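Heads up: the structure comes next, in structure tokens.
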Amino acid sequence: MGLAGDDAIVIVPAAPERIRNNDAPYPYRQDSDFHYLCGFPEPDAVLALLPGRRQAETILFCRDRDPAREAWDGPRLGPDGAVDSCGLDDAFPIEDIDDILPGLIEGRSRVYYHFGRDSEFDLKLIGWIKRVQTLRGPLARAPHEFVALSHLLHDLRLYKSKGELGLMREAAKIAAEGHRRAMRATRPGLYEHQVEAELIHAFRSAGAVPSYEPIVGGGTNGCVLHYRANNALLRDGDLLLIDAGAEYACYASDITRTFPVNGRFSADQRALYEIVLAAQDAAIAQALPGKAWTAPHDAAVAVIARGLCELGLIAGKPAAAIASGAYKRFFPHKTGHWLGLDVHDVGDYRVDGEPRQLEPGMVMTVEPGIYIAPDAPGIEARWRGIGIRIEDDIAVTRAVPEILTAGVPRTVAEIEAHMSAVK
């Protein structure tokens with residue numbers, strides 16, 4: 001509110017419920033910005049922030065208590081419960097918003113709001129402003145400027161507070177147990193979805209949900225970056241790539257591990273895996289205050305290009321492979337992204353056209369990979385169909401990077417020891 005100024009109003013609607021099929025809704029997940037600002041967990045709500053207002057600066061409109069509906073859908077907080085639970089100044093029934101919100105909008109010169117996210121709510125907001133203009137006529141003091149709320153809010157969300165980091169550590173801990181459980185369960189003859197079930201079990205047992213649809217790709221499926229089917233048979237001698245995270249109290253984790261279905265890396269698999277692991281180590285070492293956002297990626301690219309050249313998968317020298325982009329044939333994506341309330345969290349990656357500098361409180365993933373398509377021309381058969389990615393969640397601190405997801409076996413020796421202990 002300090003950034004918005006006393007002549008502004010901030011308006012944020014809750015996420016709507018979404019219908020999966022017929023009258024069955026998807027599991028409800030609150031809008032990340034709405035959750036960040038007030039923590040109210042229900043749909044059909046609107047938050048209004050009014051900087052400098054003496055009576056109340058934080059006002060929520062939400063569903064009233066309704067014993068009949070609550071008998072079907074579960075308890076509601078109601079306006080009084082919202083004030084008590086979320087620390088708001090005041091709250092009113094959502095049915096009263098048409099009568100109350102226009103009066104709060106009047107006298108404000110700017111509205112901070114996410115236009116374009118919800119066309120139905122866009123029209124409601126325009127209607128409330130027109131109502132102020134209609135009722136007051138020439139004397140109306142209606143907002144004359146609309147500003148994207150992301151300009152203020154998303155830069156704030158990029159820097160995690162102590163409390164947020166605590167929730168993200170818990171999300172990482174839960175996800176780590178899911179990955180360890182999946183490793184323990186994996187063996188030839190299972191299907192990918194059976195391993196996925198081990199992840200989900202660990203997440204739900206700890207009160208979390210998946211932070212995104214898990215990727216469980218065995219063999220050549222590990223070369224598909226956003227593989228979703230999770231229904232193939234796991235075969236002896238193949239690798240299994242699992243990209244899965246847990247969401248705890250709306251905060252996400254994001255982990256990828258690649259390991260042998262039978263518990264032992266082949267020589268070729270190990271050679272590629274060690275390159276990716278070394279690239280990740282080099283990238284994590286660059287996650288330091290004052291370093292450019294691109295520094296971890298550049299470090300990973302240097303290691304991967306050198307390793308691929310040494311194995312003969314790329315002809316020539318590493319510098320030429322980087323300059324020409326030849327390495328992108330096997331490493332086509334960036335090395336990470338911001339992480340927080342969203343898996344691909346908000347926050348600019350460039351400031352004034354230059355890569356953003358890393359600062360304490362930022363949380364990012366580091367996830368280099370090598371993917372050799374099963375039909376890759378000009379590549380020896382022994383390399384084709386191998387996909388490897390290693391991903392961890394890194395908090396930038398004032399000193400060395402904090403690996404939030406360190407609880408999952410990562411090296412070849414750690415993975416093989418973990419898997420052999422339960423076979």
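Labels used: A, B, ... for chains in the order of the structure tokens, numbers from 1 for residues in each chain, and numbers from 1 for ligands as shown.
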
So that I can see what lies close to Pro143 in chain A, please list as a PDB file with N, CA and C atoms, in the first residue's frame the residues with an atom at most 7 Å from it, counting only C-alpha atoms and leaving out residues fewer than 6 positions away in the same chain.
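Writing the result to result-v1.pdb gives the following:
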```
ATOM      1  N   ARG A 108     -10.512   8.015  -5.307  1.00  0.00           N
ATOM      2  CA  ARG A 108      -9.196   7.436  -5.630  1.00  0.00           C
ATOM      3  C   ARG A 108      -8.862   7.740  -7.082  1.00  0.00           C
ATOM      4  N   SER A 109      -7.634   8.081  -7.347  1.00  0.00           N
ATOM      5  CA  SER A 109      -7.271   8.465  -8.710  1.00  0.00           C
ATOM      6  C   SER A 109      -6.737   7.303  -9.534  1.00  0.00           C
ATOM      7  N   ARG A 110      -6.271   6.241  -8.871  1.00  0.00           N
ATOM      8  CA  ARG A 110      -5.705   5.095  -9.587  1.00  0.00           C
ATOM      9  C   ARG A 110      -6.278   3.797  -9.036  1.00  0.00           C
ATOM     10  N   VAL A 111      -6.436   2.839  -9.938  1.00  0.00           N
ATOM     11  CA  VAL A 111      -6.835   1.487  -9.551  1.00  0.00           C
ATOM     12  C   VAL A 111      -5.727   0.528  -9.964  1.00  0.00           C
TER      13      VAL A 111
END
```

* **Selection: 6 Å around Thr335 in chain A, only C-alpha atoms, excl. self and same-chain fewer than 6 positions, as an MDAnalysis selection string** => chainID A and resid 297 366:368

Go ahead and write the selection's residues with C-alpha atoms as a CSV table (one decimal), in the first residue's frame.
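File written: selection_20.csv
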```csv
chain,number,residue,atom,x,y,z
A,297,HIS,CA,22.9,-21.0,-16.9
A,366,VAL,CA,18.7,-25.1,-11.1
A,367,GLU,CA,17.9,-27.8,-13.6
A,368,PRO,CA,20.4,-28.6,-16.4
```

* **Near-Ile415 in chain A list (8 Å; only C-alpha atoms; drop same-chain fewer than 6 positions) as a ChimeraX atom specification** => /A:259,263,409

Write the residues of the selection above to a file with C-alpha atoms, as a CSV table (one decimal), in the first residue's frame.
```csv
chain,number,residue,atom,x,y,z
A,259,PHE,CA,17.9,-42.8,-12.0
A,263,GLY,CA,19.2,-49.5,-9.6
A,409,PRO,CA,20.0,-38.7,-3.4
```

* To do: Go ahead and compute the interatomic distance for CA of Met1 in chain A and CA of Leu156 in chain A, in Å to one decimal.
  => 11.6 Å

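Within range 339-388 of chain A, the backbone-based DSSP assignment of strand (DSSP E or B) covers A:Arg350, A:Val351, A:Glu354, A:Pro355, A:Gln357, A:Val363, A:Met364, A:Thr365, A:Val366, A:Gly369, A:Ile370, A:Tyr371, A:Gly387, A:Ile388.
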
What does the file look like for those residues with C-alpha atoms, as an mmCIF file, in the first residue's frame?
```
data_model
loop_
_atom_site.group_PDB
_atom_site.id
_atom_site.type_symbol
_atom_site.label_atom_id
_atom_site.label_comp_id
_atom_site.auth_asym_id
_atom_site.auth_seq_id
_atom_site.Cartn_x
_atom_site.Cartn_y
_atom_site.Cartn_z
ATOM 1 C CA ARG A 350 15.681 -8.636 -16.859
ATOM 2 C CA VAL A 351 15.802 -5.063 -15.536
ATOM 3 C CA GLU A 354 20.009 -6.404 -18.573
ATOM 4 C CA PRO A 355 19.898 -9.717 -16.697
ATOM 5 C CA GLN A 357 21.155 -9.461 -10.359
ATOM 6 C CA VAL A 363 14.441 -18.652 -4.713
ATOM 7 C CA MET A 364 15.186 -20.341 -8.015
ATOM 8 C CA THR A 365 15.485 -23.778 -9.537
ATOM 9 C CA VAL A 366 18.685 -25.100 -11.067
ATOM 10 C CA GLY A 369 19.788 -31.593 -18.621
ATOM 11 C CA ILE A 370 20.911 -33.626 -21.606
ATOM 12 C CA TYR A 371 18.372 -35.223 -23.949
ATOM 13 C CA GLY A 387 17.202 -38.214 -21.197
ATOM 14 C CA ILE A 388 18.710 -36.838 -17.970
#
```
